[in-house]
>>> print(open('my_file_24.pdb').read())   # PDB, C-alpha atoms, pLDDT in the B column
ATOM      1  CA  MET A   1       6.394  19.271   7.086  1.00 54.00           C
ATOM      2  CA  GLU A   2       5.506  21.370   4.039  1.00 53.00           C
ATOM      3  CA  PRO A   3       3.738  18.684   1.912  1.00 56.00           C
ATOM      4  CA  LEU A   4       1.334  17.966   4.747  1.00 75.00           C
ATOM      5  CA  SER A   5       0.237  21.539   5.350  1.00 72.00           C
ATOM      6  CA  GLY A   6      -3.483  21.687   4.891  1.00 87.00           C
ATOM      7  CA  ILE A   7      -4.047  17.925   4.624  1.00 91.00           C
ATOM      8  CA  ALA A   8      -5.661  17.652   8.061  1.00 89.00           C
ATOM      9  CA  ARG A   9      -7.998  20.533   7.145  1.00 91.00           C
ATOM     10  CA  ILE A  10      -8.880  18.905   3.802  1.00 92.00           C
ATOM     11  CA  ILE A  11      -9.680  15.624   5.574  1.00 93.00           C
ATOM     12  CA  ARG A  12     -11.821  17.393   8.199  1.00 92.00           C
ATOM     13  CA  GLU A  13     -13.731  19.272   5.486  1.00 93.00           C
ATOM     14  CA  ALA A  14     -14.378  16.105   3.502  1.00 94.00           C
ATOM     15  CA  ALA A  15     -15.583  14.255   6.600  1.00 94.00           C
ATOM     16  CA  ALA A  16     -17.824  17.164   7.627  1.00 95.00           C
ATOM     17  CA  ASP A  17     -19.238  17.761   4.138  1.00 94.00           C
ATOM     18  CA  ALA A  18     -19.543  14.052   3.283  1.00 91.00           C
ATOM     19  CA  SER A  19     -19.850  14.759  -0.439  1.00 94.00           C
ATOM     20  CA  ALA A  20     -18.275  12.763  -3.233  1.00 95.00           C
ATOM     21  CA  ASP A  21     -16.593  15.926  -4.563  1.00 95.00           C
ATOM     22  CA  LYS A  22     -14.935  16.713  -1.226  1.00 94.00           C
ATOM     23  CA  PHE A  23     -13.685  13.138  -0.890  1.00 95.00           C
ATOM     24  CA  SER A  24     -12.403  13.223  -4.467  1.00 96.00           C
ATOM     25  CA  GLN A  25     -10.507  16.447  -3.708  1.00 94.00           C
ATOM     26  CA  ALA A  26      -9.172  14.920  -0.489  1.00 94.00           C
ATOM     27  CA  GLY A  27      -8.051  11.819  -2.364  1.00 95.00           C
ATOM     28  CA  MET A  28      -6.130  13.874  -4.910  1.00 94.00           C
ATOM     29  CA  ALA A  29      -4.476  15.944  -2.170  1.00 93.00           C
ATOM     30  CA  LEU A  30      -3.555  12.785  -0.262  1.00 94.00           C
ATOM     31  CA  VAL A  31      -1.987  11.172  -3.338  1.00 93.00           C
ATOM     32  CA  LYS A  32       0.039  14.326  -3.980  1.00 91.00           C
ATOM     33  CA  ALA A  33       1.220  14.456  -0.342  1.00 91.00           C
ATOM     34  CA  ARG A  34       2.065  10.740  -0.357  1.00 91.00           C
ATOM     35  CA  ASN A  35       4.153  11.162  -3.503  1.00 89.00           C
ATOM     36  CA  GLN A  36       5.922  14.207  -2.054  1.00 89.00           C
ATOM     37  CA  ILE A  37       6.808  12.254   1.096  1.00 90.00           C
ATOM     38  CA  ARG A  38       8.139   9.340  -0.973  1.00 89.00           C
ATOM     39  CA  GLU A  39      10.267  11.704  -3.038  1.00 89.00           C
ATOM     40  CA  ALA A  40      11.565  13.492   0.075  1.00 90.00           C
ATOM     41  CA  LEU A  41      12.496  10.168   1.672  1.00 92.00           C
ATOM     42  CA  GLN A  42      14.339   9.053  -1.444  1.00 90.00           C
ATOM     43  CA  GLU A  43      16.066  12.416  -1.782  1.00 92.00           C
ATOM     44  CA  GLN A  44      17.241  12.341   1.844  1.00 94.00           C
ATOM     45  CA  THR A  45      18.602   8.807   1.511  1.00 95.00           C
ATOM     46  CA  ALA A  46      19.928   8.933  -2.070  1.00 94.00           C
ATOM     47  CA  ALA A  47      23.530   9.560  -1.026  1.00 95.00           C
ATOM     48  CA  ALA A  48      23.483   6.529   1.269  1.00 96.00           C
ATOM     49  CA  MET A  49      21.941   4.396  -1.478  1.00 95.00           C
ATOM     50  CA  LYS A  50      24.744   4.897  -4.011  1.00 95.00           C
ATOM     51  CA  PRO A  51      27.375   2.848  -2.103  1.00 97.00           C
ATOM     52  CA  ILE A  52      24.756   0.171  -1.417  1.00 96.00           C
ATOM     53  CA  ILE A  53      24.097  -0.133  -5.146  1.00 96.00           C
ATOM     54  CA  GLN A  54      27.837  -0.502  -5.733  1.00 96.00           C
ATOM     55  CA  LYS A  55      28.002  -3.265  -3.115  1.00 96.00           C
ATOM     56  CA  LEU A  56      25.069  -5.054  -4.737  1.00 95.00           C
ATOM     57  CA  GLU A  57      26.672  -4.805  -8.170  1.00 95.00           C
ATOM     58  CA  LYS A  58      29.811  -6.411  -6.754  1.00 94.00           C
ATOM     59  CA  HIS A  59      27.691  -8.960  -4.864  1.00 93.00           C
ATOM     60  CA  GLN A  60      29.130  -7.842  -1.552  1.00 94.00           C
ATOM     61  CA  PRO A  61      27.088  -8.529   1.568  1.00 93.00           C
ATOM     62  CA  LEU A  62      25.003  -5.733   3.044  1.00 95.00           C
ATOM     63  CA  ASN A  63      24.999  -4.931   6.739  1.00 95.00           C
ATOM     64  CA  PRO A  64      21.649  -4.758   8.605  1.00 95.00           C
ATOM     65  CA  GLU A  65      21.375  -0.967   8.255  1.00 96.00           C
ATOM     66  CA  GLU A  66      21.955  -1.173   4.505  1.00 96.00           C
ATOM     67  CA  LYS A  67      19.381  -3.948   4.182  1.00 96.00           C
ATOM     68  CA  GLU A  68      16.893  -1.810   6.076  1.00 96.00           C
ATOM     69  CA  LEU A  69      17.462   1.150   3.762  1.00 96.00           C
ATOM     70  CA  VAL A  70      16.997  -1.076   0.712  1.00 97.00           C
ATOM     71  CA  ARG A  71      13.840  -2.447   2.337  1.00 97.00           C
ATOM     72  CA  LEU A  72      12.509   1.071   2.819  1.00 95.00           C
ATOM     73  CA  TRP A  73      13.138   1.915  -0.821  1.00 95.00           C
ATOM     74  CA  ILE A  74      11.652  -1.310  -2.206  1.00 95.00           C
ATOM     75  CA  VAL A  75       8.785  -2.220   0.144  1.00 96.00           C
ATOM     76  CA  GLY A  76       8.644   0.647   2.633  1.00 95.00           C
ATOM     77  CA  ASP A  77       5.260   1.664   1.258  1.00 94.00           C
ATOM     78  CA  ALA A  78       3.813  -1.821   1.751  1.00 96.00           C
ATOM     79  CA  ALA A  79       5.387  -2.321   5.176  1.00 96.00           C
ATOM     80  CA  SER A  80       4.231   1.048   6.487  1.00 95.00           C
ATOM     81  CA  TYR A  81       0.708   0.593   5.140  1.00 96.00           C
ATOM     82  CA  THR A  82       0.248  -2.873   6.632  1.00 96.00           C
ATOM     83  CA  ALA A  83       1.708  -1.723   9.951  1.00 96.00           C
ATOM     84  CA  LYS A  84      -0.755   1.188  10.130  1.00 96.00           C
ATOM     85  CA  GLU A  85      -3.863  -0.565   8.794  1.00 95.00           C
ATOM     86  CA  ASN A  86      -5.995  -1.530  11.772  1.00 94.00           C
ATOM     87  CA  ASP A  87      -9.297  -2.471  10.121  1.00 95.00           C
ATOM     88  CA  TYR A  88      -8.258  -5.800   8.598  1.00 96.00           C
ATOM     89  CA  GLY A  89      -9.976  -7.874  11.301  1.00 95.00           C
ATOM     90  CA  GLU A  90     -13.184  -5.850  11.005  1.00 97.00           C
ATOM     91  CA  TRP A  91     -13.076  -6.097   7.207  1.00 97.00           C
ATOM     92  CA  LEU A  92     -12.735  -9.869   7.465  1.00 97.00           C
ATOM     93  CA  LYS A  93     -15.662 -10.140   9.896  1.00 97.00           C
ATOM     94  CA  GLU A  94     -17.838  -7.941   7.698  1.00 97.00           C
ATOM     95  CA  PHE A  95     -16.851  -9.907   4.595  1.00 97.00           C
ATOM     96  CA  SER A  96     -17.865 -13.147   6.338  1.00 97.00           C
ATOM     97  CA  ARG A  97     -21.139 -11.607   7.510  1.00 96.00           C
ATOM     98  CA  LEU A  98     -21.901 -10.443   3.966  1.00 96.00           C
ATOM     99  CA  GLY A  99     -21.111 -13.931   2.685  1.00 95.00           C
ATOM    100  CA  GLN A 100     -23.690 -15.315   5.090  1.00 94.00           C
ATOM    101  CA  ASP A 101     -26.271 -12.713   3.986  1.00 90.00           C
ATOM    102  CA  ILE A 102     -25.599 -13.461   0.331  1.00 92.00           C
ATOM    103  CA  GLY A 103     -25.855 -17.206   0.949  1.00 90.00           C
ATOM    104  CA  ASP A 104     -29.115 -16.762   2.845  1.00 85.00           C
ATOM    105  CA  GLY A 105     -30.521 -14.655  -0.002  1.00 79.00           C
ATOM    106  CA  ALA A 106     -29.589 -17.218  -2.598  1.00 76.00           C
ATOM    107  CA  ALA A 107     -31.518 -19.960  -0.781  1.00 74.00           C
ATOM    108  CA  VAL A 108     -35.004 -18.527  -1.327  1.00 79.00           C
ATOM    109  CA  PRO A 109     -36.905 -16.749  -4.102  1.00 81.00           C
ATOM    110  CA  LEU A 110     -36.448 -13.009  -3.639  1.00 82.00           C
ATOM    111  CA  SER A 111     -38.815 -10.115  -4.104  1.00 90.00           C
ATOM    112  CA  ILE A 112     -37.581  -7.115  -6.081  1.00 91.00           C
ATOM    113  CA  PRO A 113     -36.705  -5.130  -2.909  1.00 91.00           C
ATOM    114  CA  GLU A 114     -34.860  -8.174  -1.533  1.00 89.00           C
ATOM    115  CA  MET A 115     -32.959  -8.502  -4.807  1.00 90.00           C
ATOM    116  CA  PHE A 116     -31.831  -4.880  -4.441  1.00 92.00           C
ATOM    117  CA  GLY A 117     -30.791  -5.657  -0.872  1.00 91.00           C
ATOM    118  CA  LEU A 118     -28.782  -8.613  -2.146  1.00 92.00           C
ATOM    119  CA  TYR A 119     -27.250  -6.377  -4.798  1.00 94.00           C
ATOM    120  CA  GLY A 120     -26.178  -3.936  -2.068  1.00 94.00           C
ATOM    121  CA  SER A 121     -24.579  -6.768  -0.097  1.00 94.00           C
ATOM    122  CA  LEU A 122     -22.738  -7.952  -3.204  1.00 95.00           C
ATOM    123  CA  GLU A 123     -21.488  -4.411  -3.924  1.00 97.00           C
ATOM    124  CA  ASP A 124     -20.237  -4.087  -0.342  1.00 97.00           C
ATOM    125  CA  ALA A 125     -18.546  -7.502  -0.548  1.00 97.00           C
ATOM    126  CA  VAL A 126     -16.825  -6.531  -3.826  1.00 98.00           C
ATOM    127  CA  ARG A 127     -15.335  -3.431  -2.210  1.00 97.00           C
ATOM    128  CA  LEU A 128     -14.267  -5.307   0.907  1.00 97.00           C
ATOM    129  CA  ALA A 129     -12.680  -8.059  -1.187  1.00 98.00           C
ATOM    130  CA  ALA A 130     -10.585  -5.404  -2.950  1.00 97.00           C
ATOM    131  CA  ASP A 131      -9.476  -3.874   0.374  1.00 97.00           C
ATOM    132  CA  LEU A 132      -8.624  -7.306   1.795  1.00 98.00           C
ATOM    133  CA  GLN A 133      -6.768  -8.292  -1.370  1.00 98.00           C
ATOM    134  CA  PHE A 134      -4.719  -5.081  -1.393  1.00 97.00           C
ATOM    135  CA  PHE A 135      -3.788  -5.426   2.283  1.00 97.00           C
ATOM    136  CA  LEU A 136      -2.720  -9.056   1.872  1.00 98.00           C
ATOM    137  CA  GLU A 137      -0.795  -8.386  -1.351  1.00 98.00           C
ATOM    138  CA  GLU A 138       1.160  -5.604   0.355  1.00 98.00           C
ATOM    139  CA  LYS A 139       1.833  -7.771   3.407  1.00 97.00           C
ATOM    140  CA  GLU A 140       2.983 -10.677   1.222  1.00 97.00           C
ATOM    141  CA  ARG A 141       5.141  -8.349  -0.901  1.00 97.00           C
ATOM    142  CA  ALA A 142       6.986  -7.104   2.188  1.00 97.00           C
ATOM    143  CA  ALA A 143       7.380 -10.650   3.520  1.00 96.00           C
ATOM    144  CA  ARG A 144       8.771 -11.911   0.187  1.00 96.00           C
ATOM    145  CA  PHE A 145      11.291  -9.078   0.149  1.00 96.00           C
ATOM    146  CA  ASP A 146      12.328  -9.775   3.751  1.00 95.00           C
ATOM    147  CA  GLN A 147      12.927 -13.409   2.817  1.00 95.00           C
ATOM    148  CA  ALA A 148      14.764 -12.611  -0.414  1.00 93.00           C
ATOM    149  CA  ILE A 149      17.128  -9.967   1.022  1.00 94.00           C
ATOM    150  CA  GLN A 150      18.558 -12.511   3.461  1.00 91.00           C
ATOM    151  CA  ASN A 151      20.116 -14.679   0.714  1.00 88.00           C
ATOM    152  CA  LEU A 152      20.675 -12.688  -2.452  1.00 91.00           C
ATOM    153  CA  SER A 153      22.142 -14.576  -5.378  1.00 91.00           C
ATOM    154  CA  ALA A 154      24.460 -12.679  -7.701  1.00 91.00           C
ATOM    155  CA  SER A 155      21.656 -12.251 -10.253  1.00 92.00           C
ATOM    156  CA  ASP A 156      19.202 -11.133  -7.539  1.00 92.00           C
ATOM    157  CA  ALA A 157      21.711  -8.577  -6.263  1.00 94.00           C
ATOM    158  CA  GLU A 158      22.286  -7.292  -9.789  1.00 94.00           C
ATOM    159  CA  MET A 159      18.541  -7.022 -10.419  1.00 94.00           C
ATOM    160  CA  LEU A 160      18.021  -5.218  -7.100  1.00 95.00           C
ATOM    161  CA  ALA A 161      20.856  -2.801  -7.926  1.00 95.00           C
ATOM    162  CA  GLY A 162      19.149  -2.067 -11.243  1.00 95.00           C
ATOM    163  CA  ILE A 163      15.820  -1.348  -9.554  1.00 95.00           C
ATOM    164  CA  LEU A 164      17.497   0.974  -7.063  1.00 95.00           C
ATOM    165  CA  GLU A 165      19.412   2.756  -9.846  1.00 94.00           C
ATOM    166  CA  GLU A 166      16.134   3.323 -11.695  1.00 93.00           C
ATOM    167  CA  LYS A 167      14.625   4.811  -8.561  1.00 89.00           C
ATOM    168  CA  LEU A 168      17.646   7.085  -8.140  1.00 87.00           C
ATOM    169  CA  ALA A 169      17.376   8.259 -11.737  1.00 86.00           C
ATOM    170  CA  SER A 170      13.618   8.807 -11.569  1.00 77.00           C
ATOM    171  CA  PRO A 171      12.593  12.353 -12.460  1.00 63.00           C
ATOM    172  CA  GLU A 172      10.107  12.192  -9.569  1.00 63.00           C
ATOM    173  CA  MET A 173      12.981  12.193  -7.101  1.00 54.00           C
TER     174      MET A 173
END
>>> encode(input="my_file_24.pdb", output="structure tokens")
Amino acid sequence: MEPLSGIARIIREAAADASADKFSQAGMALVKARNQIREALQEQTAAAMKPIIQKLEKHQPLNPEEKELVRLWIVGDAASYTAKENDYGEWLKEFSRLGQDIGDGAAVPLSIPEMFGLYGSLEDAVRLAADLQFFLEEKERAARFDQAIQNLSASDAEMLAGILEEKLASPEM
């Protein structure tokens, strides 16, 4: 696929070089590719979305395939990320281990080098907390959508139709 050409090379170069600049460049290329994939997905499914929006506006029930397409448009990013993420368990273990280290360090007076060590543990814990939070927020977002799509009220259906219409009209599509 065109948007992904060169991404594997960029990732390999960043990993081999291990410099902040290379990882920054890789991050920008990855964001661009991710956005291009999202836009391509929406473009390829836009025609199928229009009748779904009309059904939602009329509060007509959606069949399972239509619900799945709406799911992809609304929480497909979250669902695909949480399905692919395989480090959650390791992150949680490391976060707990860091909590133990931090607790142990807080129990005794620390030398200056030990204080820097504690600082490093706190910095690592901050970053892990953000990764854990993001993963869980995305997982919960997808779960809330899955629950909500099963019993849409008229106002929920109207709101969902509006969100989908905005996505269809987006200049990024």
>>> closest_residue(input="my_file_24.pdb", among="A:Ala8, A:Ala142, A:Val31, A:Ala161", to="Leu72 of chain A", atoms="only C-alpha atoms")
A:Ala142
>>> closest_residue(input="my_file_24.pdb", among="A:Ser170, A:Asn35, A:Ser19, A:Ser155", to="Leu56 of chain A", atoms="all atoms listed in the file")
A:Ser155
>>> closest_residue(input="my_file_24.pdb", among="A:Leu122, A:Ala129, A:Leu160, A:Leu41", to="Ile53 of chain A", atoms="all atoms listed in the file")
A:Leu160
>>> closest_residue(input="my_file_24.pdb", among="A:Ile10, A:Arg144, A:Asn86, A:Pro51", to="Met28 of chain A", atoms="only C-alpha atoms")
A:Ile10
>>> closest_residue(input="my_file_24.pdb", among="A:Glu165, A:Glu94, A:Asp21, A:Glu85", to="Ser121 of chain A", atoms="only C-alpha atoms")
A:Glu94
>>> residues_around(input="my_file_24.pdb", residues="Leu98 of chain A", least_positions_apart="4", cutoff="12 Å", atoms="only C-alpha atoms", output="PyMOL selection string")
chain A and resi 91-94+102-105+117-129
>>> residues_around(input="my_file_24.pdb", residues="Ile11 of chain A", least_positions_apart="3", cutoff="9 Å", atoms="all atoms listed in the file", output="PyMOL selection string")
chain A and resi 6-8+14-16+22-23+26-27+30
>>> closest_residue(input="my_file_24.pdb", among="A:Leu132, A:Ile163, A:Val108, A:Ala48", to="Glu90 of chain A", atoms="only C-alpha atoms")
A:Leu132
>>> atom_distance(input="my_file_24.pdb", atom1="atom CA of Thr82 of chain A", atom2="atom CA of Ile52 of chain A")
26.0 Å
>>> atom_distance(input="my_file_24.pdb", atom1="atom CA of Pro64 of chain A", atom2="atom CA of Phe134 of chain A")
28.2 Å
>>> atom_distance(input="my_file_24.pdb", atom1="atom CA of Val75 of chain A", atom2="atom CA of Lys139 of chain A")
9.5 Å
>>> residues_around(input="my_file_24.pdb", residues="segment 66-71 of chain A", least_positions_apart="2", cutoff="8 Å", atoms="all atoms listed in the file", output="PyMOL selection string")
chain A and resi 49+52+62-64+73-76+145-146+149
>>> decode(input="my_file_24.pdb", residues="segment 41-78 of chain A", atoms="N, CA and C atoms", output="PDB file, in the first residue's frame")
ATOM      1  N   LEU A  41      -9.480   4.291   4.570  1.00  0.00           N
ATOM      2  CA  LEU A  41     -10.570   3.448   5.081  1.00  0.00           C
ATOM      3  C   LEU A  41     -11.904   4.175   4.993  1.00  0.00           C
ATOM      4  N   GLN A  42     -11.911   5.435   5.407  1.00  0.00           N
ATOM      5  CA  GLN A  42     -13.157   6.200   5.360  1.00  0.00           C
ATOM      6  C   GLN A  42     -13.602   6.435   3.914  1.00  0.00           C
ATOM      7  N   GLU A  43     -12.647   6.693   3.042  1.00  0.00           N
ATOM      8  CA  GLU A  43     -12.988   6.914   1.636  1.00  0.00           C
ATOM      9  C   GLU A  43     -13.594   5.650   1.012  1.00  0.00           C
ATOM     10  N   GLN A  44     -13.017   4.498   1.326  1.00  0.00           N
ATOM     11  CA  GLN A  44     -13.494   3.239   0.760  1.00  0.00           C
ATOM     12  C   GLN A  44     -14.844   2.809   1.317  1.00  0.00           C
ATOM     13  N   THR A  45     -15.213   3.321   2.474  1.00  0.00           N
ATOM     14  CA  THR A  45     -16.480   2.914   3.092  1.00  0.00           C
ATOM     15  C   THR A  45     -17.507   4.040   3.134  1.00  0.00           C
ATOM     16  N   ALA A  46     -17.178   5.195   2.571  1.00  0.00           N
ATOM     17  CA  ALA A  46     -18.072   6.356   2.626  1.00  0.00           C
ATOM     18  C   ALA A  46     -19.419   6.073   1.973  1.00  0.00           C
ATOM     19  N   ALA A  47     -19.411   5.410   0.835  1.00  0.00           N
ATOM     20  CA  ALA A  47     -20.672   5.140   0.133  1.00  0.00           C
ATOM     21  C   ALA A  47     -21.584   4.248   0.971  1.00  0.00           C
ATOM     22  N   ALA A  48     -21.019   3.293   1.669  1.00  0.00           N
ATOM     23  CA  ALA A  48     -21.818   2.416   2.525  1.00  0.00           C
ATOM     24  C   ALA A  48     -22.310   3.140   3.769  1.00  0.00           C
ATOM     25  N   MET A  49     -21.610   4.197   4.172  1.00  0.00           N
ATOM     26  CA  MET A  49     -21.980   4.915   5.389  1.00  0.00           C
ATOM     27  C   MET A  49     -23.202   5.797   5.175  1.00  0.00           C
ATOM     28  N   LYS A  50     -23.388   6.334   3.989  1.00  0.00           N
ATOM     29  CA  LYS A  50     -24.489   7.266   3.744  1.00  0.00           C
ATOM     30  C   LYS A  50     -25.857   6.655   4.059  1.00  0.00           C
ATOM     31  N   PRO A  51     -26.177   5.438   3.589  1.00  0.00           N
ATOM     32  CA  PRO A  51     -27.479   4.863   3.950  1.00  0.00           C
ATOM     33  C   PRO A  51     -27.598   4.535   5.447  1.00  0.00           C
ATOM     34  N   ILE A  52     -26.478   4.245   6.082  1.00  0.00           N
ATOM     35  CA  ILE A  52     -26.493   3.982   7.521  1.00  0.00           C
ATOM     36  C   ILE A  52     -26.868   5.261   8.264  1.00  0.00           C
ATOM     37  N   ILE A  53     -26.305   6.369   7.843  1.00  0.00           N
ATOM     38  CA  ILE A  53     -26.632   7.660   8.462  1.00  0.00           C
ATOM     39  C   ILE A  53     -28.119   7.939   8.304  1.00  0.00           C
ATOM     40  N   GLN A  54     -28.657   7.670   7.120  1.00  0.00           N
ATOM     41  CA  GLN A  54     -30.090   7.885   6.893  1.00  0.00           C
ATOM     42  C   GLN A  54     -30.927   7.008   7.817  1.00  0.00           C
ATOM     43  N   LYS A  55     -30.510   5.757   8.002  1.00  0.00           N
ATOM     44  CA  LYS A  55     -31.235   4.869   8.919  1.00  0.00           C
ATOM     45  C   LYS A  55     -31.182   5.401  10.352  1.00  0.00           C
ATOM     46  N   LEU A  56     -30.007   5.878  10.756  1.00  0.00           N
ATOM     47  CA  LEU A  56     -29.874   6.423  12.108  1.00  0.00           C
ATOM     48  C   LEU A  56     -30.755   7.648  12.292  1.00  0.00           C
ATOM     49  N   GLU A  57     -30.794   8.512  11.290  1.00  0.00           N
ATOM     50  CA  GLU A  57     -31.618   9.716  11.380  1.00  0.00           C
ATOM     51  C   GLU A  57     -33.105   9.379  11.495  1.00  0.00           C
ATOM     52  N   LYS A  58     -33.496   8.267  10.925  1.00  0.00           N
ATOM     53  CA  LYS A  58     -34.892   7.825  10.992  1.00  0.00           C
ATOM     54  C   LYS A  58     -35.125   6.869  12.166  1.00  0.00           C
ATOM     55  N   HIS A  59     -34.081   6.657  12.947  1.00  0.00           N
ATOM     56  CA  HIS A  59     -34.089   5.739  14.085  1.00  0.00           C
ATOM     57  C   HIS A  59     -34.531   4.337  13.682  1.00  0.00           C
ATOM     58  N   GLN A  60     -34.023   3.903  12.548  1.00  0.00           N
ATOM     59  CA  GLN A  60     -34.266   2.535  12.085  1.00  0.00           C
ATOM     60  C   GLN A  60     -33.145   1.651  12.604  1.00  0.00           C
ATOM     61  N   PRO A  61     -33.462   0.407  12.909  1.00  0.00           N
ATOM     62  CA  PRO A  61     -32.413  -0.482  13.441  1.00  0.00           C
ATOM     63  C   PRO A  61     -31.344  -0.785  12.393  1.00  0.00           C
ATOM     64  N   LEU A  62     -30.128  -0.971  12.876  1.00  0.00           N
ATOM     65  CA  LEU A  62     -29.015  -1.340  12.007  1.00  0.00           C
ATOM     66  C   LEU A  62     -28.781  -2.838  12.086  1.00  0.00           C
ATOM     67  N   ASN A  63     -28.404  -3.427  10.965  1.00  0.00           N
ATOM     68  CA  ASN A  63     -28.066  -4.856  10.989  1.00  0.00           C
ATOM     69  C   ASN A  63     -26.634  -5.009  11.515  1.00  0.00           C
ATOM     70  N   PRO A  64     -26.195  -6.216  11.831  1.00  0.00           N
ATOM     71  CA  PRO A  64     -24.851  -6.402  12.405  1.00  0.00           C
ATOM     72  C   PRO A  64     -23.719  -5.847  11.538  1.00  0.00           C
ATOM     73  N   GLU A  65     -23.823  -5.978  10.228  1.00  0.00           N
ATOM     74  CA  GLU A  65     -22.763  -5.453   9.354  1.00  0.00           C
ATOM     75  C   GLU A  65     -22.712  -3.932   9.411  1.00  0.00           C
ATOM     76  N   GLU A  66     -23.869  -3.294   9.468  1.00  0.00           N
ATOM     77  CA  GLU A  66     -23.912  -1.837   9.572  1.00  0.00           C
ATOM     78  C   GLU A  66     -23.353  -1.379  10.914  1.00  0.00           C
ATOM     79  N   LYS A  67     -23.704  -2.085  11.975  1.00  0.00           N
ATOM     80  CA  LYS A  67     -23.161  -1.742  13.295  1.00  0.00           C
ATOM     81  C   LYS A  67     -21.645  -1.865  13.298  1.00  0.00           C
ATOM     82  N   GLU A  68     -21.136  -2.885  12.636  1.00  0.00           N
ATOM     83  CA  GLU A  68     -19.689  -3.082  12.591  1.00  0.00           C
ATOM     84  C   GLU A  68     -19.002  -1.949  11.823  1.00  0.00           C
ATOM     85  N   LEU A  69     -19.609  -1.503  10.742  1.00  0.00           N
ATOM     86  CA  LEU A  69     -19.025  -0.392   9.990  1.00  0.00           C
ATOM     87  C   LEU A  69     -19.041   0.890  10.826  1.00  0.00           C
ATOM     88  N   VAL A  70     -20.132   1.142  11.520  1.00  0.00           N
ATOM     89  CA  VAL A  70     -20.197   2.306  12.403  1.00  0.00           C
ATOM     90  C   VAL A  70     -19.128   2.177  13.484  1.00  0.00           C
ATOM     91  N   ARG A  71     -18.979   0.986  14.033  1.00  0.00           N
ATOM     92  CA  ARG A  71     -17.957   0.743  15.055  1.00  0.00           C
ATOM     93  C   ARG A  71     -16.564   1.074  14.520  1.00  0.00           C
ATOM     94  N   LEU A  72     -16.289   0.637  13.299  1.00  0.00           N
ATOM     95  CA  LEU A  72     -14.985   0.916  12.707  1.00  0.00           C
ATOM     96  C   LEU A  72     -14.747   2.413  12.564  1.00  0.00           C
ATOM     97  N   TRP A  73     -15.780   3.139  12.173  1.00  0.00           N
ATOM     98  CA  TRP A  73     -15.631   4.581  11.997  1.00  0.00           C
ATOM     99  C   TRP A  73     -15.475   5.303  13.334  1.00  0.00           C
ATOM    100  N   ILE A  74     -16.171   4.842  14.360  1.00  0.00           N
ATOM    101  CA  ILE A  74     -16.189   5.566  15.636  1.00  0.00           C
ATOM    102  C   ILE A  74     -15.060   5.117  16.568  1.00  0.00           C
ATOM    103  N   VAL A  75     -14.873   3.830  16.732  1.00  0.00           N
ATOM    104  CA  VAL A  75     -13.859   3.337  17.680  1.00  0.00           C
ATOM    105  C   VAL A  75     -12.907   2.321  17.063  1.00  0.00           C
ATOM    106  N   GLY A  76     -12.844   2.278  15.746  1.00  0.00           N
ATOM    107  CA  GLY A  76     -11.932   1.339  15.086  1.00  0.00           C
ATOM    108  C   GLY A  76     -10.485   1.558  15.485  1.00  0.00           C
ATOM    109  N   ASP A  77     -10.113   2.814  15.673  1.00  0.00           N
ATOM    110  CA  ASP A  77      -8.740   3.117  16.098  1.00  0.00           C
ATOM    111  C   ASP A  77      -8.452   2.516  17.469  1.00  0.00           C
ATOM    112  N   ALA A  78      -9.368   2.716  18.402  1.00  0.00           N
ATOM    113  CA  ALA A  78      -9.186   2.210  19.767  1.00  0.00           C
ATOM    114  C   ALA A  78      -9.206   0.684  19.796  1.00  0.00           C
TER     115      ALA A  78
END
